[in-house]
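Asker: Have a peek at data07.cif (mmCIF, C-alpha atoms and all ligand atoms).
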```
data_protein
loop_
_atom_site.label_atom_id
_atom_site.label_comp_id
_atom_site.auth_asym_id
_atom_site.auth_seq_id
_atom_site.Cartn_x
_atom_site.Cartn_y
_atom_site.Cartn_z
CA MET Q 1 1.57 -13.16 18.58
CA ASN Q 2 -1.63 -13.52 16.58
CA THR Q 3 -2.28 -10.06 15.23
CA LEU Q 4 -0.29 -7.58 13.22
CA LEU Q 5 -0.39 -5.14 16.16
CA GLU Q 6 1.26 -7.76 18.38
CA SER Q 7 3.91 -8.49 15.74
CA TYR Q 8 4.96 -4.83 15.70
CA LYS Q 9 5.08 -4.44 19.50
CA ASP Q 10 8.74 -5.51 19.84
CA TYR Q 11 9.88 -3.10 17.14
CA HIS Q 12 9.98 0.34 18.67
CA ILE Q 13 10.35 3.16 16.17
CA ASN Q 14 12.19 6.32 17.18
CA LEU Q 15 9.88 9.35 17.43
CA HIS Q 16 12.10 11.16 14.92
CA HIS Q 17 10.89 8.57 12.40
CA ILE Q 18 7.23 9.03 13.37
CA ILE Q 19 6.56 12.74 13.77
CA PRO Q 20 6.07 14.55 10.47
CA LEU Q 21 7.34 18.12 10.46
CA ASP Q 22 4.86 20.95 10.06
CA PHE Q 23 4.91 21.17 6.25
CA ASP Q 24 2.98 24.47 6.19
CA SER Q 25 5.87 26.22 7.89
CA ILE Q 26 8.58 24.91 5.52
CA GLN Q 27 9.60 27.45 2.85
CA GLU Q 28 12.65 25.64 1.55
CA VAL Q 29 13.71 21.99 1.37
CA SER Q 30 16.40 21.49 4.01
CA ASP Q 31 18.97 18.70 4.39
CA VAL Q 32 16.64 16.46 6.42
CA HIS Q 33 14.28 16.24 3.44
CA SER Q 34 16.94 16.15 0.68
CA TRP Q 35 17.45 12.72 -0.81
CA PRO Q 36 20.60 11.77 -2.75
CA GLN Q 37 19.92 12.05 -6.46
CA SER Q 38 20.83 9.21 -8.78
CA ASN Q 39 19.79 7.87 -12.16
CA ASP Q 40 17.60 5.39 -10.32
CA PHE Q 41 15.42 8.33 -9.43
CA LEU Q 42 14.61 9.39 -13.00
CA THR Q 43 11.03 8.94 -14.16
CA LEU Q 44 10.28 7.81 -17.66
CA ASP Q 45 9.27 10.96 -19.51
CA LEU Q 46 6.42 9.71 -21.64
CA GLU Q 47 4.37 11.84 -23.93
CA PRO Q 48 0.83 12.07 -22.51
CA ASN Q 49 -0.50 10.28 -25.59
CA ASP Q 50 2.16 7.57 -25.59
CA LYS Q 51 -0.03 4.51 -25.53
CA SER Q 52 2.67 1.88 -26.11
CA ALA Q 53 1.47 -1.17 -24.21
CA ALA Q 54 4.91 -1.65 -22.71
CA SER Q 55 4.74 1.54 -20.72
CA ILE Q 56 1.19 1.66 -19.37
CA ILE Q 57 -0.01 -0.58 -16.59
CA PRO Q 58 -3.06 -2.55 -17.74
CA ILE Q 59 -6.52 -1.08 -17.18
CA ILE Q 60 -8.92 -3.95 -16.54
CA ASP Q 61 -12.71 -3.81 -16.66
CA PHE Q 62 -14.08 -5.95 -13.83
CA SER Q 63 -17.17 -6.71 -15.93
CA ASP Q 64 -15.10 -8.09 -18.84
CA PRO Q 65 -15.96 -11.78 -19.49
CA ASN Q 66 -12.21 -12.50 -19.61
CA VAL Q 67 -11.51 -10.72 -16.34
CA SER Q 68 -9.86 -13.70 -14.61
CA LYS Q 69 -7.32 -14.21 -17.37
CA LEU Q 70 -6.63 -10.47 -17.66
CA ILE Q 71 -6.03 -10.13 -13.91
CA GLY Q 72 -3.79 -13.21 -13.81
CA GLN Q 73 -1.73 -11.98 -16.75
CA ALA Q 74 -1.40 -8.46 -15.34
CA CYS Q 75 -0.25 -9.87 -11.99
CA GLU Q 76 2.26 -12.09 -13.75
CA THR Q 77 3.78 -9.40 -15.99
CA TRP Q 78 3.40 -6.20 -13.95
CA GLY Q 79 2.31 -7.14 -10.45
CA SER Q 80 -0.03 -4.19 -10.87
CA PHE Q 81 -3.14 -3.04 -12.75
CA GLN Q 82 -5.90 -0.44 -12.63
CA LEU Q 83 -9.42 -1.75 -12.13
CA ILE Q 84 -12.56 -0.07 -13.47
CA ASN Q 85 -16.22 -1.08 -12.91
CA HIS Q 86 -15.18 -2.62 -9.60
CA ASN Q 87 -18.50 -1.98 -7.81
CA VAL Q 88 -17.00 0.19 -5.07
CA PRO Q 89 -19.34 3.22 -5.34
CA LEU Q 90 -17.60 6.31 -6.66
CA ASN Q 91 -19.39 8.54 -4.14
CA LEU Q 92 -18.01 6.39 -1.30
CA ILE Q 93 -14.47 6.71 -2.68
CA GLU Q 94 -14.95 10.49 -2.96
CA SER Q 95 -16.33 10.67 0.59
CA ALA Q 96 -13.38 8.70 1.95
CA GLU Q 97 -10.99 11.04 0.14
CA SER Q 98 -12.79 14.06 1.52
CA GLU Q 99 -12.65 12.65 5.10
CA ALA Q 100 -8.91 12.09 4.65
CA ARG Q 101 -8.52 15.67 3.39
CA LYS Q 102 -10.46 16.93 6.40
CA LEU Q 103 -8.09 15.03 8.70
CA PHE Q 104 -4.86 16.19 7.07
CA SER Q 105 -6.11 19.80 6.93
CA LEU Q 106 -6.26 19.95 10.73
CA PRO Q 107 -3.56 21.99 12.45
CA THR Q 108 -0.41 19.98 13.22
CA SER Q 109 -1.05 20.20 16.99
CA GLU Q 110 -4.47 18.56 16.50
CA LYS Q 111 -3.18 15.76 14.27
CA ARG Q 112 -0.44 15.01 16.80
CA LYS Q 113 -3.13 14.11 19.38
CA THR Q 114 -3.37 10.80 17.50
CA LEU Q 115 0.37 10.33 16.99
CA ARG Q 116 1.31 6.68 16.47
CA SER Q 117 3.15 5.54 19.56
CA PRO Q 118 6.61 3.92 19.04
CA SER Q 119 5.31 0.38 19.58
CA GLU Q 120 1.90 0.77 17.93
CA ALA Q 121 0.71 0.54 14.35
CA THR Q 122 -2.23 2.94 14.10
CA GLY Q 123 -2.63 6.72 14.14
CA TYR Q 124 -0.91 9.74 12.66
CA GLY Q 125 2.72 9.72 11.59
CA LEU Q 126 5.32 9.16 8.92
CA ALA Q 127 4.99 5.88 7.02
CA ARG Q 128 6.47 2.94 8.89
CA MET Q 129 9.27 2.57 6.31
CA SER Q 130 10.68 5.90 7.50
CA GLN Q 131 12.70 4.01 10.16
CA PHE Q 132 14.99 2.62 7.44
CA PHE Q 133 16.16 5.98 6.12
CA SER Q 134 18.27 8.84 7.43
CA ARG Q 135 16.32 11.44 5.36
CA LEU Q 136 12.71 12.30 6.05
CA LEU Q 137 9.86 11.53 3.68
CA TRP Q 138 7.73 14.37 2.30
CA GLN Q 139 4.64 12.58 3.56
CA GLU Q 140 2.29 12.26 6.51
CA GLY Q 141 0.14 9.20 7.07
CA PHE Q 142 -2.78 7.98 9.13
CA THR Q 143 -3.02 4.23 9.69
CA ILE Q 144 -6.31 2.54 10.56
CA MET Q 145 -6.86 -1.09 11.57
CA GLY Q 146 -10.51 -1.88 12.21
CA SER Q 147 -12.55 0.91 13.73
CA PRO Q 148 -10.99 4.40 13.72
CA VAL Q 149 -13.30 5.56 16.53
CA ASP Q 150 -10.72 6.01 19.32
CA HIS Q 151 -8.54 8.25 17.18
CA ALA Q 152 -11.51 10.06 15.61
CA LYS Q 153 -12.86 11.00 19.05
CA LYS Q 154 -9.54 12.70 19.85
CA LEU Q 155 -9.69 14.72 16.62
CA TRP Q 156 -13.38 15.64 16.62
CA PRO Q 157 -14.80 14.98 20.13
CA ASP Q 158 -18.31 16.15 19.16
CA ASP Q 159 -18.33 15.18 15.53
CA TYR Q 160 -16.48 11.91 14.89
CA GLN Q 161 -19.35 9.72 13.61
CA ARG Q 162 -19.30 10.69 9.96
CA PHE Q 163 -15.57 9.98 9.65
CA CYS Q 164 -16.07 6.54 11.27
CA ASP Q 165 -19.11 5.62 9.16
CA VAL Q 166 -17.48 6.54 5.87
CA ILE Q 167 -14.16 4.88 6.68
CA GLU Q 168 -15.78 1.68 7.94
CA ASP Q 169 -18.04 1.44 4.90
CA PHE Q 170 -15.03 2.07 2.64
CA GLN Q 171 -13.02 -0.69 4.38
CA ASP Q 172 -15.95 -3.14 4.11
CA LYS Q 173 -16.29 -2.54 0.37
CA LEU Q 174 -12.54 -2.89 -0.20
CA LYS Q 175 -12.49 -6.09 1.83
CA ALA Q 176 -15.27 -7.55 -0.34
CA LEU Q 177 -13.36 -6.55 -3.49
CA SER Q 178 -10.13 -8.04 -2.10
CA GLU Q 179 -11.93 -11.33 -1.51
CA GLN Q 180 -13.24 -11.40 -5.08
CA LEU Q 181 -9.77 -10.64 -6.45
CA MET Q 182 -8.20 -13.31 -4.24
CA LEU Q 183 -10.57 -16.01 -5.54
CA ILE Q 184 -9.67 -15.07 -9.11
CA ILE Q 185 -5.96 -15.11 -8.30
CA LEU Q 186 -6.07 -18.45 -6.45
CA ASP Q 187 -7.87 -20.00 -9.40
CA TYR Q 188 -5.27 -18.60 -11.82
CA LEU Q 189 -2.44 -20.00 -9.69
CA GLY Q 190 -4.19 -23.37 -9.35
CA ILE Q 191 -4.32 -23.08 -5.54
CA PRO Q 192 -7.49 -24.69 -4.09
CA LYS Q 193 -9.47 -22.09 -2.14
CA GLU Q 194 -9.70 -24.55 0.79
CA GLU Q 195 -5.97 -23.84 1.30
CA MET Q 196 -6.79 -20.20 2.07
CA LYS Q 197 -9.88 -20.42 4.24
CA TRP Q 198 -9.10 -16.99 5.66
CA VAL Q 199 -10.33 -15.45 2.40
CA GLY Q 200 -13.94 -14.59 3.25
CA SER Q 201 -13.68 -15.50 6.93
CA ASN Q 202 -15.18 -12.71 9.00
CA SER Q 203 -13.98 -13.13 12.56
CA GLY Q 204 -11.50 -14.89 14.80
CA PRO Q 205 -7.79 -15.63 14.44
CA GLU Q 206 -8.37 -17.21 11.02
CA CYS Q 207 -9.64 -13.94 9.61
CA ALA Q 208 -7.67 -11.85 7.05
CA THR Q 209 -5.28 -9.08 8.14
CA SER Q 210 -6.15 -5.67 6.77
CA ALA Q 211 -5.23 -2.03 7.24
CA LEU Q 212 -6.15 1.28 5.65
CA GLN Q 213 -3.35 3.79 5.15
CA MET Q 214 -4.19 7.40 4.32
CA ASN Q 215 -1.23 9.17 2.72
CA SER Q 216 -0.89 12.93 2.38
CA TYR Q 217 1.80 14.60 0.28
CA PRO Q 218 1.73 18.38 0.75
CA PRO Q 219 3.01 20.60 -2.07
CA CYS Q 220 6.79 20.79 -1.96
CA PRO Q 221 8.96 23.85 -2.84
CA ASP Q 222 11.46 21.60 -4.68
CA PRO Q 223 10.05 18.17 -5.58
CA THR Q 224 13.26 17.16 -7.36
CA LEU Q 225 15.05 16.89 -4.01
CA THR Q 226 12.44 15.02 -2.02
CA ILE Q 227 10.42 11.81 -2.07
CA GLY Q 228 6.90 11.13 -0.75
CA LEU Q 229 7.34 7.40 -0.27
CA ALA Q 230 10.73 5.89 -1.08
CA PRO Q 231 10.85 2.85 -3.39
CA HIS Q 232 9.28 -0.12 -1.65
CA THR Q 233 7.19 -3.22 -2.10
CA ASP Q 234 4.04 -3.69 -0.01
CA THR Q 235 4.08 -6.56 2.47
CA TYR Q 236 0.67 -8.23 2.21
CA PHE Q 237 -1.08 -10.07 -0.63
CA LEU Q 238 -2.88 -7.21 -2.32
CA THR Q 239 -2.99 -3.45 -1.98
CA ILE Q 240 -5.99 -1.60 -3.41
CA LEU Q 241 -5.21 2.06 -3.86
CA HIS Q 242 -7.18 5.18 -4.64
CA GLN Q 243 -5.18 8.25 -5.64
CA THR Q 244 -6.46 11.80 -6.11
CA SER Q 245 -7.59 12.35 -9.67
CA ASN Q 246 -5.65 15.56 -10.14
CA PRO Q 247 -3.37 14.53 -13.00
CA THR Q 248 -0.10 15.38 -11.35
CA ARG Q 249 2.63 12.80 -11.09
CA GLY Q 250 2.39 10.69 -7.97
CA LEU Q 251 2.42 6.91 -7.90
CA GLU Q 252 5.20 5.38 -9.97
CA ILE Q 253 6.03 1.75 -10.47
CA HIS Q 254 9.37 0.31 -11.47
CA ARG Q 255 9.55 -1.86 -14.54
CA ASP Q 256 12.77 -3.70 -15.36
CA GLY Q 257 14.28 -2.32 -18.55
CA LEU Q 258 12.02 0.76 -18.55
CA GLY Q 259 12.60 2.48 -15.22
CA TRP Q 260 10.02 4.46 -13.25
CA VAL Q 261 6.62 4.58 -14.95
CA SER Q 262 3.87 6.94 -13.77
CA VAL Q 263 0.51 5.41 -12.95
CA ASN Q 264 -1.75 8.07 -14.40
CA PRO Q 265 -4.94 8.50 -12.37
CA VAL Q 266 -7.98 7.14 -14.22
CA HIS Q 267 -11.21 8.61 -12.87
CA GLY Q 268 -12.90 6.10 -10.57
CA ALA Q 269 -10.27 3.39 -11.09
CA LEU Q 270 -8.57 1.60 -8.23
CA VAL Q 271 -4.93 0.53 -8.54
CA VAL Q 272 -4.22 -3.04 -7.44
CA ASN Q 273 -0.66 -3.99 -6.48
CA ALA Q 274 0.70 -7.43 -5.66
CA GLY Q 275 2.78 -7.54 -2.49
CA ASP Q 276 5.57 -9.67 -1.01
CA LEU Q 277 3.41 -12.37 0.56
CA LEU Q 278 1.55 -12.99 -2.70
CA HIS Q 279 4.92 -13.12 -4.47
CA ILE Q 280 5.99 -15.86 -2.04
CA ALA Q 281 2.66 -17.71 -2.17
CA SER Q 282 2.79 -17.65 -6.00
CA ASN Q 283 6.27 -19.21 -5.77
CA GLY Q 284 7.70 -16.11 -7.46
CA ARG Q 285 5.25 -16.13 -10.41
CA PHE Q 286 3.74 -12.74 -9.45
CA PRO Q 287 6.30 -9.99 -8.91
CA SER Q 288 5.90 -7.90 -5.80
CA VAL Q 289 5.75 -4.56 -7.54
CA LEU Q 290 8.41 -1.98 -6.62
CA HIS Q 291 6.79 1.45 -6.40
CA ARG Q 292 7.18 4.90 -4.90
CA ALA Q 293 5.27 8.17 -4.54
CA VAL Q 294 6.77 11.39 -5.85
CA VAL Q 295 5.55 14.84 -4.82
CA ASN Q 296 4.80 18.02 -6.73
CA LYS Q 297 5.00 21.78 -6.33
CA THR Q 298 1.38 22.82 -6.48
CA ASN Q 299 -1.08 20.12 -5.47
CA HIS Q 300 -1.74 18.50 -2.15
CA ARG Q 301 -1.93 14.87 -3.25
CA LEU Q 302 -3.66 12.15 -1.23
CA SER Q 303 -3.85 8.41 -1.56
CA LEU Q 304 -5.82 5.75 0.31
CA ALA Q 305 -4.23 2.31 0.38
CA TYR Q 306 -6.01 -0.80 1.66
CA PHE Q 307 -3.72 -3.71 2.54
CA TYR Q 308 -5.13 -7.24 2.59
CA GLY Q 309 -3.47 -10.52 3.48
CA PRO Q 310 -3.56 -13.70 5.55
CA PRO Q 311 -3.71 -13.91 9.36
CA MET Q 312 -0.38 -13.86 11.20
CA ASN Q 313 -0.43 -17.60 11.93
CA TYR Q 314 -1.02 -18.62 8.32
CA GLN Q 315 1.66 -20.89 6.87
CA LEU Q 316 2.61 -19.87 3.35
CA LEU Q 317 3.13 -22.87 1.08
CA PRO Q 318 4.80 -21.75 -2.16
CA SER Q 319 4.82 -25.37 -3.37
CA LEU Q 320 1.03 -25.12 -3.93
CA ALA Q 321 1.66 -22.74 -6.83
CA LYS Q 322 4.29 -24.87 -8.57
CA LEU Q 323 3.45 -25.34 -12.21
CA ASP Q 324 4.53 -29.00 -12.19
CA ASP Q 325 6.68 -31.39 -10.15
CA ASP Q 326 9.88 -30.26 -11.89
CA ASP Q 327 9.19 -26.61 -11.10
CA PRO Q 328 11.54 -25.78 -8.20
CA SER Q 329 10.33 -24.05 -5.01
CA VAL Q 330 11.70 -20.53 -5.09
CA TYR Q 331 10.81 -19.72 -1.46
CA PRO Q 332 10.61 -21.81 1.70
CA SER Q 333 7.34 -22.38 3.50
CA LEU Q 334 7.04 -19.84 6.33
CA LYS Q 335 4.55 -18.19 8.63
CA VAL Q 336 3.20 -14.74 7.83
CA LYS Q 337 4.30 -13.38 11.23
CA ASP Q 338 7.87 -14.57 10.60
CA TYR Q 339 7.94 -12.68 7.32
CA VAL Q 340 6.49 -9.56 8.95
CA THR Q 341 9.09 -9.53 11.72
CA MET Q 342 11.91 -10.17 9.23
CA LYS Q 343 10.72 -7.21 7.17
CA GLU Q 344 10.80 -4.99 10.27
CA LYS Q 345 14.54 -5.70 10.40
CA HIS Q 346 15.58 -6.07 6.78
CA PHE Q 347 12.98 -4.10 4.77
CA ARG Q 348 13.77 -4.39 1.04
CA GLU Q 349 16.39 -7.11 1.55
CA THR Q 350 13.89 -9.56 3.07
CA LEU Q 351 12.73 -11.32 -0.11
CA SER Q 352 16.23 -11.88 -1.47
CA MET Q 353 17.38 -13.20 1.91
CA LEU Q 354 14.65 -15.84 1.81
CA LYS Q 355 15.14 -16.93 -1.79
CA LEU Q 356 16.25 -20.57 -2.06
C1 LIG C 1 -0.45 -3.05 7.23
C2 LIG C 1 0.57 -2.26 6.97
C3 LIG C 1 1.27 -2.21 5.67
C4 LIG C 1 2.25 -1.09 5.85
C5 LIG C 1 2.58 -1.21 7.31
C6 LIG C 1 1.19 -1.32 7.90
O1 LIG C 1 1.24 -1.73 9.21
C7 LIG C 1 0.47 0.01 7.83
C8 LIG C 1 1.14 0.96 6.87
C9 LIG C 1 1.60 0.28 5.58
C10 LIG C 1 2.66 1.07 4.86
C11 LIG C 1 2.09 2.20 3.96
C12 LIG C 1 3.25 2.92 3.26
C13 LIG C 1 4.28 1.95 2.67
C14 LIG C 1 4.64 0.85 3.71
C15 LIG C 1 5.83 0.00 3.23
C16 LIG C 1 4.87 1.51 5.03
O2 LIG C 1 5.91 1.98 5.45
O3 LIG C 1 3.69 1.58 5.73
C17 LIG C 1 3.38 0.06 4.02
C18 LIG C 1 3.52 -1.13 4.97
C19 LIG C 1 3.81 -2.46 4.32
O4 LIG C 1 3.26 -2.80 3.27
O5 LIG C 1 4.59 -3.19 4.94
O1 LIG C 2 0.61 7.42 -2.64
C1 LIG C 2 0.73 6.50 -3.41
O2 LIG C 2 0.34 6.53 -4.57
C2 LIG C 2 1.45 5.23 -2.98
C3 LIG C 2 1.02 4.72 -1.63
C4 LIG C 2 1.73 3.46 -1.27
O3 LIG C 2 2.54 2.96 -2.00
C5 LIG C 2 1.43 2.81 0.01
O4 LIG C 2 0.66 3.36 0.83
O5 LIG C 2 1.98 1.71 0.23
FE FE C 3 3.05 0.96 -1.30
#
```
Written as C-alpha cells, how would this file's structure read?
Answerer:
Amino acid sequence: MNTLLESYKDYHINLHHIIPLDFDSIQEVSDVHSWPQSNDFLTLDLEPNDKSAASIIPIIDFSDPNVSKLIGQACETWGSFQLINHNVPLNLIESAESEARKLFSLPTSEKRKTLRSPSEATGYGLARMSQFFSRLLWQEGFTIMGSPVDHAKKLWPDDYQRFCDVIEDFQDKLKALSEQLMLIILDYLGIPKEEMKWVGSNSGPECATSALQMNSYPPCPDPTLTIGLAPHTDTYFLTILHQTSNPTRGLEIHRDGLGWVSVNPVHGALVVNAGDLLHIASNGRFPSVLHRAVVNKTNHRLSLAYFYGPPMNYQLLPSLAKLDDDDPSVYPSLKVKDYVTMKEKHFRETLSMLKL
C-alpha cells in the first residue's frame, strides 16, 4: 500500500455519495440538499471595510524579507494565510480556472463519463467527504492525481491536449511553491530538512503525495439551506487554493471565539491552509484549519485546491517539533497511510482519537 490510490481501494463509497445531481434541473432545494440549521452555521457578518486584524486571515507577500517569520506565525495562529507575489503566473491560474469552467459546463451526461468509481480516487463526483453525511453537498468535484489525460480523452476525444497541458503546468508550479513553503515551515519548526527528504524528491516511492481538486458550486435557489463543502480539515500537509475572484462569499474558516470568517478573494492571491498531517508533524503547534465552502444564489463559484504531503510510507515524528525536552508529545508517531485509512473511517474525529 504505497500510494494514496492504493490506500483508498478498500474503502468503497456508495454511488449515492459520488454522483452529483443535475444542478441545472433543480428549481427548489429539496430535503436531500437541506442541511440542519444551527448557530454553528452562522457566518461572521463583517462590514466590508472591517480591517480588525483579529478577523482577517493574514495576507503575506512572498517577496517580503521577513516572509519566513510571517508564514510561521500565520500557521501558528490561524493555520491559514493568503499569499501574494508567489511566482505562480496569474495567466496560468486564469487558464486553469477557465479549463475547470469548461469541464463543469459540459452536460451532466458527458461529465458522468469520467465518474469516480467507488474504489478509485480520481474523476468526476461529489467530494470524498460526502460519504460521512446523509444530506448531499451543493458541489461537484473533479479529482486529478498526476496526468489527467485518461479522463480528458473521455471528455474531449479530439481536443484534450490543452486541458492536460494547462493542468500539468499548474500542478508543477504548485508543487514547486509547496516545496518552497515546506522548507520555510520546517525551518520555523526546527525540523532538519534531512528528516523530510520527500520534499523536493521527484520520483519513486519517496516522492510527495499530491492531488488537484477542482470544485464547482453552481448557483443555489436557497443558499441558506445548503452547504457546498461541509466543515472539514484537509488531510495533507498543505493545501494551496485558488478561488474565483468574484467577491461572493465562498471559503470560510473557523476561528475559535469568532466563528466562521469569510476569506475574501484577493486578486491573484493563493490561500494556503495547514492540514492534519502538518498539525501532527508540528506536534500540535500549527492548527489544522477547520473550513467550509458556502454557496450563493447568483454566481457559479469555482475553486482549485492542490493538496501536498508526504508519501504513504513516511513515518511522522511529532517529537522532532518539540520545543524542548519538557515539551510533551501531543501525538504518537505514525505512518501517513495509517492516518489516511483512519480518516476514511472516522473523518473529523480522527485527530482527537489520536491525541495522547
Ligand atoms: C488528496 C485528497 C484530499 C481530499 C481527498 C483526496 O483524495 C482528493 C480530494 C480531497 C478533498 C477535497 C474536498 C475536501 C476533502 C476533505 C474531500 O472530501 O476531498 C479533501 C480530501 C482531504 O483533504 O482528505
Ligand atoms: O471551495 C473552497 O473554497 C474550499 C475548497 C476546499 O476546502 C477543499 O477542496 O478542500
Ligand atoms: Fe478543504
Asker: Enter the distance from atom CA of Q:Leu115 to atom CA of Q:Val272, in Å, rounded to one decimal.
Answerer: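 Value for the atom CA of Q:Leu115-atom CA of Q:Val272 distance: 28.2 Å.
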Asker: Find the spatial neighbours of Q:Ser288, counting all atoms listed in the file, within a cut-off of 12 Å - ignore same-chain residues fewer than 3 positions away - and output them as an NGL selection string.
Answerer: :Q and (75-80 or 232-239 or 253-255 or 272-285 or 291 or 348 or 351-352)
Asker: Quick one: pull the distance between atom CA of Q:Leu316 and atom CA of Q:Met182, Å, one decimal.
Answerer: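 Separation between atom CA of Q:Leu316 and atom CA of Q:Met182: 14.7 Å.
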Asker: Which distance in Å separates atom CA of Q:Val261 and atom CA of Q:Leu241, to one decimal?
Answerer: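 It comes out at 16.4 Å.
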Asker: Go through the chains and note each residue within 6 Å of ligand LIG 2 (chain C), using only C-alpha atoms and all ligand atoms, then give the set as a list in words.
Answerer: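 What falls inside 6 Å of ligand LIG 2 (chain C) is Gln213, Asn215, Asp234, Gln243, Gly250, Leu251, Arg292, Ala293, Ser303 and Ala305 of chain Q.
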Asker: Can I get the selected residues back with C-alpha atoms, as an mmCIF file, in the coordinates of the input?
Answerer:
```
data_model
loop_
_atom_site.group_PDB
_atom_site.id
_atom_site.type_symbol
_atom_site.label_atom_id
_atom_site.label_comp_id
_atom_site.auth_asym_id
_atom_site.auth_seq_id
_atom_site.Cartn_x
_atom_site.Cartn_y
_atom_site.Cartn_z
ATOM 1 C CA GLN Q 213 -3.350 3.790 5.150
ATOM 2 C CA ASN Q 215 -1.230 9.170 2.720
ATOM 3 C CA ASP Q 234 4.040 -3.690 -0.010
ATOM 4 C CA GLN Q 243 -5.180 8.250 -5.640
ATOM 5 C CA GLY Q 250 2.390 10.690 -7.970
ATOM 6 C CA LEU Q 251 2.420 6.910 -7.900
ATOM 7 C CA ARG Q 292 7.180 4.900 -4.900
ATOM 8 C CA ALA Q 293 5.270 8.170 -4.540
ATOM 9 C CA SER Q 303 -3.850 8.410 -1.560
ATOM 10 C CA ALA Q 305 -4.230 2.310 0.380
#
```
Asker: Rank nothing, just name the residue among Q:Ile240, Q:Val340, Q:Ala121, Q:Met196 nearest to Q:His86, using all atoms listed in the file.
Answerer: Q:Ile240
Asker: Out of Q:Ser109, Q:Ala96, Q:Ala269, Q:Leu212, which residue has the shortest atom-to-atom distance to ligand FE 3 (chain C) when counting only C-alpha atoms and all ligand atoms?
Answerer: Q:Leu212
Asker: May I have the residues within 6 Å of stretch 60-63 of chain Q as a list in words, using all atoms listed in the file and disregarding those fewer than 5 positions away in the same chain?
Answerer: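 Contacts, in chain order: Leu83, Ile84, Asn85 and His86 of chain Q.
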